[in-house]
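What follows is entry_1.tsv (TSV, C-alpha atoms and all ligand atoms).
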chain	number	residue	atom	x	y	z
W	1	MET	CA	-16.61	-10.66	23.09
W	2	SER	CA	-13.49	-9.05	21.63
W	3	ALA	CA	-12.96	-8.74	17.90
W	4	GLU	CA	-10.57	-11.11	16.18
W	5	ILE	CA	-7.23	-9.60	15.18
W	6	LEU	CA	-6.38	-10.17	11.52
W	7	THR	CA	-2.61	-10.13	11.69
W	8	GLY	CA	-0.63	-9.47	8.55
W	9	LYS	CA	2.65	-10.75	9.97
W	10	THR	CA	2.12	-14.43	9.17
W	11	LEU	CA	0.99	-13.72	5.63
W	12	ALA	CA	3.92	-11.32	5.12
W	13	ALA	CA	6.37	-13.98	6.31
W	14	GLU	CA	4.84	-16.51	3.89
W	15	ILE	CA	5.10	-14.07	0.98
W	16	ARG	CA	8.72	-13.27	1.89
W	17	ALA	CA	9.56	-16.99	2.07
W	18	SER	CA	8.20	-17.47	-1.45
W	19	VAL	CA	10.07	-14.33	-2.60
W	20	SER	CA	13.33	-15.70	-1.12
W	21	HIS	CA	12.83	-18.98	-2.91
W	22	GLU	CA	12.15	-17.33	-6.27
W	23	ALA	CA	14.95	-14.79	-5.81
W	24	ALA	CA	17.42	-17.62	-5.16
W	25	GLN	CA	16.34	-19.32	-8.39
W	26	LEU	CA	16.79	-16.07	-10.35
W	27	ILE	CA	20.22	-15.52	-8.79
W	28	ASP	CA	21.20	-19.07	-9.83
W	29	HIS	CA	20.39	-17.97	-13.37
W	30	GLY	CA	22.62	-14.90	-13.01
W	31	VAL	CA	19.95	-12.26	-12.31
W	32	THR	CA	19.67	-10.53	-8.92
W	33	PRO	CA	16.20	-9.00	-8.44
W	34	CYS	CA	16.70	-5.35	-7.61
W	35	LEU	CA	14.32	-2.71	-6.28
W	36	ALA	CA	15.26	1.00	-6.20
W	37	VAL	CA	13.43	3.39	-3.87
W	38	VAL	CA	13.70	7.07	-4.78
W	39	ILE	CA	13.11	9.41	-1.85
W	40	ALA	CA	13.57	13.16	-1.48
W	41	THR	CA	11.92	14.02	1.80
W	42	GLU	CA	12.56	14.11	5.54
W	43	ASP	CA	8.92	13.23	6.21
W	44	GLU	CA	8.87	10.77	9.13
W	45	THR	CA	6.15	8.49	7.84
W	46	ALA	CA	7.76	8.26	4.38
W	47	ASN	CA	11.15	7.41	5.88
W	48	PHE	CA	9.54	4.90	8.24
W	49	TYR	CA	7.90	3.21	5.25
W	50	VAL	CA	11.15	3.11	3.22
W	51	LYS	CA	13.08	1.72	6.19
W	52	HIS	CA	10.57	-1.12	6.37
W	53	ILE	CA	10.91	-1.90	2.65
W	54	ILE	CA	14.69	-2.18	3.04
W	55	SER	CA	14.45	-4.35	6.15
W	56	ALA	CA	11.84	-6.61	4.49
W	57	ALA	CA	14.15	-6.98	1.47
W	58	GLU	CA	17.04	-7.90	3.78
W	59	LYS	CA	14.98	-10.91	4.91
W	60	THR	CA	14.94	-12.12	1.29
W	61	SER	CA	17.52	-12.22	-1.49
W	62	VAL	CA	16.03	-9.17	-3.23
W	63	LEU	CA	18.49	-6.30	-3.45
W	64	ALA	CA	16.77	-3.08	-2.37
W	65	HIS	CA	18.54	0.24	-2.26
W	66	ILE	CA	17.56	3.77	-1.36
W	67	GLU	CA	18.21	6.48	-3.92
W	68	GLN	CA	18.29	9.40	-1.49
W	69	LEU	CA	17.95	12.91	-2.90
W	70	SER	CA	17.84	16.18	-1.02
W	71	PRO	CA	14.44	17.45	0.21
W	72	THR	CA	15.18	20.46	-2.01
W	73	ALA	CA	15.90	18.35	-5.12
W	74	THR	CA	14.56	19.83	-8.36
W	75	LYS	CA	12.25	18.23	-10.88
W	76	GLU	CA	15.27	17.93	-13.23
W	77	GLU	CA	17.35	16.07	-10.62
W	78	LEU	CA	14.51	13.68	-9.87
W	79	THR	CA	13.83	13.20	-13.58
W	80	ALA	CA	17.48	12.34	-14.24
W	81	LYS	CA	17.51	9.86	-11.33
W	82	ILE	CA	14.38	8.05	-12.45
W	83	MET	CA	15.45	7.96	-16.10
W	84	ASN	CA	18.81	6.44	-15.12
W	85	LEU	CA	17.06	3.76	-13.09
W	86	ALA	CA	14.58	3.16	-15.92
W	87	ALA	CA	17.48	2.54	-18.33
W	88	ASP	CA	19.47	0.38	-15.91
W	89	ASN	CA	19.06	-3.31	-16.82
W	90	ASN	CA	20.14	-4.31	-13.31
W	91	VAL	CA	17.15	-2.50	-11.75
W	92	HIS	CA	13.84	-4.33	-12.04
W	93	GLY	CA	11.53	-2.29	-9.82
W	94	ILE	CA	11.30	1.44	-9.09
W	95	ILE	CA	9.33	3.16	-6.33
W	96	LEU	CA	8.98	6.92	-6.08
W	97	GLN	CA	8.27	7.79	-2.45
W	98	THR	CA	6.09	10.80	-1.68
W	99	PRO	CA	5.91	13.54	-0.50
W	100	LEU	CA	8.13	15.21	-3.07
W	101	PRO	CA	10.00	18.51	-2.68
W	102	THR	CA	7.82	21.62	-2.81
W	103	GLY	CA	6.85	22.50	-6.38
W	104	VAL	CA	7.64	19.07	-7.85
W	105	ILE	CA	4.52	17.44	-9.26
W	106	ALA	CA	4.34	13.70	-8.66
W	107	ASP	CA	2.49	12.96	-11.92
W	108	ASP	CA	5.34	14.52	-13.95
W	109	LEU	CA	7.66	11.87	-12.49
W	110	ARG	CA	5.38	8.85	-12.17
W	111	THR	CA	4.98	8.72	-15.94
W	112	LEU	CA	8.76	8.19	-16.21
W	113	ILE	CA	8.63	4.84	-14.43
W	114	PRO	CA	8.30	2.20	-17.16
W	115	PRO	CA	5.15	0.10	-16.51
W	116	GLU	CA	7.27	-3.08	-16.46
W	117	LYS	CA	9.29	-1.64	-13.53
W	118	ASP	CA	6.33	0.07	-11.89
W	119	VAL	CA	6.06	-2.38	-8.99
W	120	ASP	CA	3.94	-0.02	-6.89
W	121	GLY	CA	1.48	0.81	-9.68
W	122	ALA	CA	2.28	4.54	-9.66
W	123	ASN	CA	2.36	5.27	-13.42
W	124	PRO	CA	-1.07	6.43	-14.71
W	125	LEU	CA	-0.67	3.73	-17.40
W	126	SER	CA	-0.66	1.07	-14.68
W	127	ALA	CA	-3.70	2.69	-13.03
W	128	GLY	CA	-5.55	2.77	-16.35
W	129	ARG	CA	-4.77	-0.87	-17.04
W	130	LEU	CA	-6.02	-1.79	-13.57
W	131	LEU	CA	-9.23	0.13	-14.21
W	132	CYS	CA	-9.72	-1.74	-17.50
W	133	GLY	CA	-9.01	-5.12	-15.93
W	134	ILE	CA	-5.78	-5.55	-17.93
W	135	LYS	CA	-2.78	-7.15	-16.18
W	136	ALA	CA	-0.77	-4.48	-14.36
W	137	PHE	CA	1.04	-3.96	-11.08
W	138	ALA	CA	-1.49	-2.70	-8.52
W	139	PRO	CA	-0.36	-0.32	-5.79
W	140	SER	CA	0.98	-2.70	-3.18
W	141	THR	CA	-1.13	-1.35	-0.30
W	142	ALA	CA	-4.36	-1.93	-2.20
W	143	ALA	CA	-3.12	-5.39	-3.15
W	144	ALA	CA	-2.22	-6.04	0.51
W	145	VAL	CA	-5.78	-5.36	1.63
W	146	MET	CA	-7.07	-7.86	-0.94
W	147	ASN	CA	-4.48	-10.46	0.09
W	148	ILE	CA	-5.35	-10.14	3.79
W	149	LEU	CA	-9.07	-10.59	3.10
W	150	GLN	CA	-8.37	-13.58	0.88
W	151	ARG	CA	-6.00	-15.14	3.42
W	152	HIS	CA	-8.64	-14.89	6.15
W	153	GLU	CA	-11.29	-16.27	3.78
W	154	ILE	CA	-13.48	-13.18	3.98
W	155	ALA	CA	-15.96	-13.38	1.12
W	156	LEU	CA	-16.17	-10.36	-1.17
W	157	LYS	CA	-18.77	-11.49	-3.67
W	158	GLY	CA	-21.83	-9.31	-3.06
W	159	ALA	CA	-20.32	-7.83	0.11
W	160	ARG	CA	-20.96	-4.18	0.90
W	161	VAL	CA	-17.52	-2.52	1.06
W	162	VAL	CA	-17.00	1.08	2.21
W	163	ILE	CA	-13.55	2.60	1.65
W	164	ILE	CA	-12.77	5.84	3.47
W	165	GLY	CA	-10.01	7.65	1.56
W	166	ARG	CA	-9.77	8.21	-2.20
W	167	SER	CA	-6.03	8.47	-2.82
W	168	LEU	CA	-4.38	7.04	-5.92
W	169	VAL	CA	-2.29	4.68	-3.79
W	170	VAL	CA	-5.06	3.18	-1.67
W	171	GLY	CA	-8.73	4.11	-2.06
W	172	LYS	CA	-9.14	4.33	-5.84
W	173	PRO	CA	-7.13	1.25	-6.89
W	174	LEU	CA	-8.65	-0.74	-4.04
W	175	ALA	CA	-12.14	0.13	-5.27
W	176	HIS	CA	-11.24	-1.37	-8.70
W	177	LEU	CA	-9.84	-4.52	-7.11
W	178	MET	CA	-12.96	-4.86	-4.93
W	179	LEU	CA	-15.25	-4.38	-7.93
W	180	ALA	CA	-13.31	-7.02	-9.85
W	181	ALA	CA	-13.97	-9.33	-6.88
W	182	ASP	CA	-17.74	-8.64	-7.18
W	183	ALA	CA	-18.07	-6.48	-4.07
W	184	THR	CA	-20.44	-3.49	-3.99
W	185	VAL	CA	-18.19	-0.51	-3.32
W	186	THR	CA	-18.66	2.97	-1.87
W	187	ILE	CA	-15.72	5.38	-1.66
W	188	CYS	CA	-15.83	8.15	0.94
W	189	HIS	CA	-13.60	11.18	1.49
W	190	SER	CA	-13.34	14.38	3.49
W	191	LYS	CA	-16.42	15.91	1.85
W	192	THR	CA	-18.67	12.88	2.39
W	193	ARG	CA	-21.83	13.86	4.27
W	194	ASP	CA	-22.94	11.69	7.19
W	195	LEU	CA	-19.75	9.63	7.02
W	196	ALA	CA	-20.60	7.52	10.07
W	197	ILE	CA	-23.97	6.55	8.60
W	198	VAL	CA	-22.41	5.54	5.27
W	199	ALA	CA	-19.61	3.66	7.01
W	200	GLN	CA	-22.12	1.76	9.13
W	201	GLU	CA	-23.50	0.15	5.97
W	202	ALA	CA	-20.24	-1.71	5.44
W	203	ASP	CA	-19.77	-5.43	5.82
W	204	ILE	CA	-16.12	-4.59	5.18
W	205	LEU	CA	-14.88	-1.13	6.18
W	206	VAL	CA	-11.46	-0.02	4.90
W	207	VAL	CA	-9.98	3.17	6.32
W	208	ALA	CA	-7.03	5.05	4.77
W	209	ILE	CA	-7.20	8.67	5.88
W	210	GLY	CA	-4.04	9.31	7.89
W	211	ARG	CA	-5.84	10.48	11.07
W	212	PRO	CA	-4.76	8.71	14.28
W	213	ASN	CA	-7.56	6.74	16.01
W	214	TYR	CA	-10.22	8.72	14.09
W	215	ILE	CA	-12.66	5.89	13.35
W	216	THR	CA	-14.58	4.86	16.45
W	217	ALA	CA	-17.46	2.48	17.19
W	218	GLU	CA	-20.08	4.87	15.77
W	219	TYR	CA	-18.69	4.23	12.25
W	220	VAL	CA	-18.83	0.45	12.48
W	221	LYS	CA	-21.73	-1.95	11.91
W	222	GLN	CA	-22.07	-4.82	14.38
W	223	GLY	CA	-20.11	-7.76	13.00
W	224	ALA	CA	-18.20	-5.78	10.35
W	225	ILE	CA	-14.66	-6.54	9.21
W	226	VAL	CA	-12.48	-3.44	9.65
W	227	ILE	CA	-9.25	-2.94	7.71
W	228	ASP	CA	-6.97	-0.19	9.03
W	229	VAL	CA	-4.54	1.12	6.40
W	230	GLY	CA	-3.51	4.18	8.41
W	231	THR	CA	0.07	4.48	9.56
W	232	ASN	CA	0.52	7.53	11.76
W	233	VAL	CA	3.87	8.07	13.42
W	234	GLN	CA	3.32	9.59	16.87
W	235	PRO	CA	5.66	12.14	18.51
W	236	ASP	CA	7.14	9.33	20.64
W	237	GLY	CA	7.97	7.34	17.47
W	238	SER	CA	5.21	4.79	17.97
W	239	LEU	CA	2.78	3.90	15.21
W	240	VAL	CA	-1.02	4.08	15.37
W	241	GLY	CA	-3.69	3.44	12.80
W	242	ASP	CA	-6.77	5.39	11.74
W	243	ILE	CA	-9.03	3.10	13.78
W	244	ASP	CA	-9.54	3.43	17.51
W	245	SER	CA	-9.15	-0.30	18.11
W	246	ASN	CA	-10.31	-0.12	21.74
W	247	SER	CA	-13.55	1.53	20.72
W	248	ILE	CA	-14.48	-1.06	18.06
W	249	GLN	CA	-13.56	-4.17	20.13
W	250	THR	CA	-17.10	-5.27	20.95
W	251	ILE	CA	-18.67	-4.14	17.66
W	252	ALA	CA	-16.38	-5.36	14.88
W	253	LYS	CA	-16.09	-9.04	14.08
W	254	ALA	CA	-12.43	-8.65	13.18
W	255	TYR	CA	-9.90	-5.93	12.42
W	256	THR	CA	-6.33	-5.49	11.25
W	257	PRO	CA	-3.90	-4.14	13.87
W	258	VAL	CA	-1.44	-1.28	13.44
W	259	PRO	CA	1.40	-2.09	13.48
W	260	GLY	CA	1.41	-5.66	12.17
W	261	GLY	CA	-1.57	-5.58	9.79
W	262	VAL	CA	-1.59	-4.10	6.29
W	263	GLY	CA	1.94	-2.63	6.55
W	264	PRO	CA	4.06	-5.82	6.55
W	265	VAL	CA	1.94	-7.36	3.79
W	266	THR	CA	2.42	-4.21	1.69
W	267	THR	CA	6.19	-4.38	1.88
W	268	ALA	CA	6.23	-8.14	1.25
W	269	LEU	CA	4.08	-7.64	-1.85
W	270	LEU	CA	6.42	-4.96	-3.17
W	271	LEU	CA	9.16	-7.58	-3.11
W	272	LYS	CA	6.85	-10.13	-4.74
W	273	GLN	CA	6.03	-7.65	-7.48
W	274	THR	CA	9.76	-6.99	-7.93
W	275	ILE	CA	10.25	-10.73	-8.51
W	276	GLU	CA	7.46	-10.68	-11.10
W	277	ALA	CA	9.05	-7.66	-12.79
W	278	THR	CA	12.44	-9.44	-12.82
W	279	LYS	CA	10.92	-12.54	-14.41
W	280	GLN	CA	9.38	-10.41	-17.15
W	281	THR	CA	12.77	-9.00	-18.25
B	1	LIG	P1	-3.85	10.83	1.33
B	1	LIG	O1	-3.33	10.82	-0.05
B	1	LIG	O2	-3.56	11.98	2.24
B	1	LIG	O3	-5.43	10.63	1.27
B	1	LIG	C1	-6.21	10.67	2.42
B	1	LIG	C2	-7.65	10.45	2.03
B	1	LIG	O4	-8.41	10.48	3.21
B	1	LIG	C3	-8.21	11.56	1.13
B	1	LIG	O5	-9.04	10.98	0.15
B	1	LIG	C4	-9.01	12.43	2.09
B	1	LIG	O6	-10.13	13.04	1.50
B	1	LIG	C5	-9.48	11.39	3.09
B	1	LIG	N1	-9.73	11.98	4.39
B	1	LIG	C6	-8.90	12.70	5.16
B	1	LIG	N2	-9.51	13.07	6.31
B	1	LIG	C7	-10.76	12.56	6.25
B	1	LIG	C8	-11.87	12.60	7.12
B	1	LIG	N3	-11.83	13.24	8.29
B	1	LIG	N4	-13.00	11.98	6.75
B	1	LIG	C9	-13.07	11.31	5.57
B	1	LIG	N5	-12.05	11.23	4.69
B	1	LIG	C10	-10.90	11.85	5.04
B	1	LIG	O7	-3.36	9.56	2.16
B	1	LIG	P2	-2.89	8.09	1.67
B	1	LIG	O8	-1.57	8.19	1.00
B	1	LIG	O9	-4.02	7.39	0.99
B	1	LIG	O10	-2.64	7.43	3.09
B	1	LIG	C11	-3.70	7.28	4.02
B	1	LIG	C12	-3.15	6.60	5.26
B	1	LIG	O11	-2.68	5.31	4.89
B	1	LIG	C13	-1.94	7.31	5.89
B	1	LIG	O12	-1.95	7.09	7.28
B	1	LIG	C14	-0.76	6.60	5.27
B	1	LIG	O13	0.40	6.69	6.07
B	1	LIG	C15	-1.30	5.20	5.22
B	1	LIG	N6	-0.65	4.33	4.24
B	1	LIG	C16	-0.29	3.11	4.69
B	1	LIG	C17	0.31	2.23	3.82
B	1	LIG	C18	0.64	0.85	4.33
B	1	LIG	O14	1.36	0.13	3.69
B	1	LIG	N7	0.07	0.43	5.47
B	1	LIG	C19	0.59	2.60	2.51
B	1	LIG	C20	0.16	3.86	2.06
B	1	LIG	C21	-0.47	4.73	2.95
B	1	LIG	P3	-10.00	14.15	0.32
B	1	LIG	O15	-9.66	13.39	-0.92
B	1	LIG	O16	-11.34	14.76	0.27
B	1	LIG	O17	-8.91	15.08	0.76

Final structure tokens representation of the file:
Amino acid sequence: MSAEILTGKTLAAEIRASVSHEAAQLIDHGVTPCLAVVIATEDETANFYVKHIISAAEKTSVLAHIEQLSPTATKEELTAKIMNLAADNNVHGIILQTPLPTGVIADDLRTLIPPEKDVDGANPLSAGRLLCGIKAFAPSTAAAVMNILQRHEIALKGARVVIIGRSLVVGKPLAHLMLAADATVTICHSKTRDLAIVAQEADILVVAIGRPNYITAEYVKQGAIVIDVGTNVQPDGSLVGDIDSNSIQTIAKAYTPVPGGVGPVTTALLLKQTIEATKQT
């Protein structure tokens, strides 16, 4: 029997519909929700991601605009851009897209995004609040994984969750969200010994490593739920995940596809978080 496909498209459309509704109400009150995306790279995956944010916003009444800087932009230029956006009352959400130009340290800039505009949970203050269980914007990809599981009524309480990938945008914040939902969480990374054996313990396996089709059947327990966060742009422009979906078909109970899984929910949630940020102003 083939695994069920946990699409994110329907959920994303529902979130966008609610965003459109709320945005229209805010506009009626004279405030247009606005998201600014700062990017200074020619990296294909980063530009792919930003393009999707803009096209998702176009399906709602949220104004989203790209603040494009040169791939050779300096720390000072990026600092000035973010500080201007931080001070601009017409901008409610700010995203700083990585990778950054060589020599520019992301943490030096993330701290400049005010927590109330930090709709992708990039500021260490937001991360710390999340860790402490205090209200904060979570990185939208981590939030998307939680939303997909909730939407498909996949129980987390007591579940054994293994997350492969420990980045600040996915693995680490997701582990906090999973813990808060009473899951038992293991985080793996490139130095994890016997990765396949650890991964096979998972009732829910989440993979965010950025390696096309890397995770095969040998990593998956029979009947597991597999969430593929990976978005890898191939030379022909197509997109593949970190999971080899053919390989896990008869082992997994269900899995998220790439494209059409975590990605669209992530961008829809960024818009939702922009609405929340707008309401807080
Ligand atoms: P990242 O910062 O490069 O982190 C990758 C993580 O994977 C690191 O923790 C790394 O371990 C681990 N890793 C790499 N190779 C591994 C291996 N062979 N075995 C075990 N662990 C391995 O990447 P990221 O920003 O988290 O992104 C991960 C993937 O998710 C990418 O494909 C990215 O495009 C995608 N993504 C998708 C969305 C979305 O909305 N769908 C959003 C963000 C990212 P170390 O820490 O030891 O180096």

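Ranking W:Gly158, W:Pro235, W:Gly103, W:Gly241 by their shortest atom-to-atom distance to Ala208 (chain W), with all atoms listed in the file included, puts W:Gly241 first.
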
Fill in the blank from the handout: What separates CA of Lys135 (chain W) and CA of Thr184 (chain W) is a distance of 21.8 Å

Report as a Markdown table: every residue of chain W with an atom at most 8 Å from ligand LIG 1 (chain B), its closest pair of atoms, and their distance in Å to one decimal, counting all atoms listed in the file, with rows sorted by chain and ascending residue number.
| residue | atom | partner | partner_atom | distance |
| --- | --- | --- | --- | --- |
| W:Thr45 | CA | B:LIG1 | O13 | 6.3 |
| W:Ala46 | CA | B:LIG1 | O13 | 7.7 |
| W:Tyr49 | CA | B:LIG1 | O14 | 7.4 |
| W:Ser140 | CA | B:LIG1 | O14 | 7.4 |
| W:Thr141 | CA | B:LIG1 | O14 | 4.9 |
| W:Ala144 | CA | B:LIG1 | O14 | 7.8 |
| W:Ile164 | CA | B:LIG1 | N5 | 5.6 |
| W:Gly165 | CA | B:LIG1 | O4 | 3.6 |
| W:Arg166 | CA | B:LIG1 | O5 | 3.7 |
| W:Ser167 | CA | B:LIG1 | O9 | 4.4 |
| W:Leu168 | CA | B:LIG1 | O9 | 6.9 |
| W:Val169 | CA | B:LIG1 | O9 | 5.8 |
| W:Val170 | CA | B:LIG1 | O9 | 5.1 |
| W:Gly171 | CA | B:LIG1 | O9 | 6.5 |
| W:Cys188 | CA | B:LIG1 | N5 | 6.2 |
| W:His189 | CA | B:LIG1 | N5 | 3.6 |
| W:Ser190 | CA | B:LIG1 | N5 | 3.6 |
| W:Lys191 | CA | B:LIG1 | O16 | 5.4 |
| W:Thr192 | CA | B:LIG1 | C9 | 6.6 |
| W:Leu195 | CA | B:LIG1 | C9 | 7.0 |
| W:Val207 | CA | B:LIG1 | C12 | 7.7 |
| W:Ala208 | CA | B:LIG1 | C11 | 4.1 |
| W:Ile209 | CA | B:LIG1 | O4 | 3.4 |
| W:Gly210 | CA | B:LIG1 | O12 | 3.1 |
| W:Arg211 | CA | B:LIG1 | O12 | 6.4 |
| W:Pro212 | CA | B:LIG1 | O12 | 7.7 |
| W:Tyr214 | CA | B:LIG1 | N3 | 7.5 |
| W:Asp228 | CA | B:LIG1 | N7 | 7.9 |
| W:Val229 | CA | B:LIG1 | N7 | 4.8 |
| W:Gly230 | CA | B:LIG1 | O12 | 3.5 |
| W:Thr231 | CA | B:LIG1 | O12 | 4.0 |
| W:Asn232 | CA | B:LIG1 | O12 | 5.1 |
| W:Gly241 | CA | B:LIG1 | O12 | 6.8 |
| W:Asp242 | CA | B:LIG1 | O12 | 6.8 |
| W:Gly261 | CA | B:LIG1 | N7 | 7.6 |
| W:Val262 | CA | B:LIG1 | N7 | 4.9 |
| W:Gly263 | CA | B:LIG1 | N7 | 3.7 |
| W:Pro264 | CA | B:LIG1 | O14 | 7.1 |
| W:Val265 | CA | B:LIG1 | O14 | 7.5 |
| W:Thr266 | CA | B:LIG1 | O14 | 4.9 |
| W:Thr267 | CA | B:LIG1 | O14 | 6.9 |

Handout entry: Nearest residue to Arg16 (chain W) from the set W:Asn90, W:Thr32, W:Val145, W:Glu58 (distances using only C-alpha atoms)
Key = W:Glu58

Completion exercise
For Ile163 (chain W), the closest of W:Ile187, W:Met178, W:Val91, W:Ala217 counting only C-alpha atoms is W:Ile187

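With all atoms listed in the file taken into account, the protein and nucleic acid residues at most 8 Å from Leu156 (chain W) (excluding it and anything under 5 positions from it in its own chain) are Met178, Ala181, Asp182 and Ala183 of chain W.
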
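In terms of minimum interatomic distance to Leu131 (chain W), W:Leu174 ranks closest within W:Val240, W:Leu174, W:Ala143, W:Ile154, counting only C-alpha atoms.
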
Handout entry: Two-atom distance - CA of Ser2 (chain W), CA of Ile227 (chain W) (Å)
Key =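 Between these atoms lies a distance of 15.8 Å.
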
Problem - 6 Å contact set for Gly93 (chain W), only C-alpha atoms, chain neighbours under 6 positions out, as an MDAnalysis selection string - result: chainID W and resid 35 117 119 274

Practice task
Can you work out which one of W:Leu271, W:Ile215, W:Ala252, W:Leu125 has the shortest atom-to-atom distance to Val37 (chain W), counting all atoms listed in the file?
Solution key: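 The closest residue to Val37 (chain W) is W:Leu271.
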
Exercise for the section: For CA of Pro101 (chain W) and CA of Leu85 (chain W), quote the distance in Å rounded to one decimal. Expected result: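 Computing it gives 19.4 Å between the two atoms.
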
Practice task
Go through W:Lys253, W:Asn89, W:Leu78, W:Ile94 one by one, measure the shortest atom-to-atom distance of each to His65 (chain W) using only C-alpha atoms, and give the residue with the smallest value.
Solution key: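 Of W:Lys253, W:Asn89, W:Leu78, W:Ile94, the one nearest His65 (chain W), counting only C-alpha atoms, is W:Ile94.
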
Exercise for the section: Name the residues, using the chain letters and numbers of the file, that sit within 7 Å of (-13.8, -9.3, 5.9) when counting only C-alpha atoms, and give them as an NGL selection string. Expected result: :W and (149 or 154-155 or 204 or 225)

Those residues you just picked out, can you put them in a file as a compact mmCIF listing (two decimals), in the coordinates of the input with C-alpha atoms?
# COMPACT_ATOMS: atom_id res chain seq x y z
CA LEU W 149 -9.07 -10.59 3.10
CA ILE W 154 -13.48 -13.18 3.98
CA ALA W 155 -15.96 -13.38 1.12
CA ILE W 204 -16.12 -4.59 5.18
CA ILE W 225 -14.66 -6.54 9.21

I want to know what sits within 12 Å of Cys132 (chain W), based on all atoms listed in the file, with residues of the same chain fewer than 6 positions away left out; could you give that as a PDB file with C-alpha atoms, keeping the file's coordinate frame?
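The result, written out as selection.pdb:
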ATOM      1  CA  LEU W 125      -0.670   3.730 -17.400  1.00  0.00           C
ATOM      2  CA  SER W 126      -0.660   1.070 -14.680  1.00  0.00           C
ATOM      3  CA  PRO W 173      -7.130   1.250  -6.890  1.00  0.00           C
ATOM      4  CA  HIS W 176     -11.240  -1.370  -8.700  1.00  0.00           C
ATOM      5  CA  LEU W 177      -9.840  -4.520  -7.110  1.00  0.00           C
ATOM      6  CA  LEU W 179     -15.250  -4.380  -7.930  1.00  0.00           C
ATOM      7  CA  ALA W 180     -13.310  -7.020  -9.850  1.00  0.00           C
TER       8      ALA W 180
END

With N, CA, C and O atoms as the target, complete region 155-167 of chain W and hand it back as a short mmCIF file (atom, residue, chain, number, x, y, z; two decimals), in the frame of the given file.
data_model
loop_
_atom_site.label_atom_id
_atom_site.label_comp_id
_atom_site.auth_asym_id
_atom_site.auth_seq_id
_atom_site.Cartn_x
_atom_site.Cartn_y
_atom_site.Cartn_z
N ALA W 155 -15.33 -13.39 2.45
CA ALA W 155 -15.96 -13.38 1.12
C ALA W 155 -16.24 -11.95 0.66
O ALA W 155 -16.71 -11.12 1.43
N LEU W 156 -15.94 -11.70 -0.61
CA LEU W 156 -16.17 -10.36 -1.17
C LEU W 156 -17.36 -10.32 -2.11
O LEU W 156 -17.97 -9.27 -2.29
N LYS W 157 -17.69 -11.46 -2.68
CA LYS W 157 -18.77 -11.49 -3.67
C LYS W 157 -20.06 -10.97 -3.03
O LYS W 157 -20.57 -11.54 -2.06
N GLY W 158 -20.58 -9.87 -3.57
CA GLY W 158 -21.83 -9.31 -3.06
C GLY W 158 -21.70 -8.53 -1.76
O GLY W 158 -22.67 -7.93 -1.30
N ALA W 159 -20.49 -8.53 -1.17
CA ALA W 159 -20.32 -7.83 0.11
C ALA W 159 -20.40 -6.32 -0.09
O ALA W 159 -20.00 -5.79 -1.13
N ARG W 160 -20.90 -5.64 0.92
CA ARG W 160 -20.96 -4.18 0.90
C ARG W 160 -19.65 -3.64 1.47
O ARG W 160 -19.37 -3.84 2.66
N VAL W 161 -18.83 -3.01 0.62
CA VAL W 161 -17.52 -2.52 1.06
C VAL W 161 -17.55 -0.98 1.07
O VAL W 161 -17.96 -0.37 0.08
N VAL W 162 -17.15 -0.38 2.16
CA VAL W 162 -17.00 1.08 2.21
C VAL W 162 -15.52 1.38 2.44
O VAL W 162 -14.91 0.84 3.37
N ILE W 163 -14.96 2.21 1.54
CA ILE W 163 -13.55 2.60 1.65
C ILE W 163 -13.53 4.08 2.01
O ILE W 163 -14.11 4.90 1.29
N ILE W 164 -12.89 4.42 3.12
CA ILE W 164 -12.77 5.84 3.47
C ILE W 164 -11.36 6.29 3.09
O ILE W 164 -10.37 5.78 3.63
N GLY W 165 -11.29 7.22 2.13
CA GLY W 165 -10.01 7.65 1.56
C GLY W 165 -10.02 7.37 0.07
O GLY W 165 -10.35 6.26 -0.34
N ARG W 166 -9.68 8.37 -0.74
CA ARG W 166 -9.77 8.21 -2.20
C ARG W 166 -8.43 8.50 -2.89
O ARG W 166 -8.39 9.03 -4.00
N SER W 167 -7.33 8.19 -2.20
CA SER W 167 -6.03 8.47 -2.82
C SER W 167 -5.75 7.50 -3.96
O SER W 167 -6.38 6.44 -4.06
#
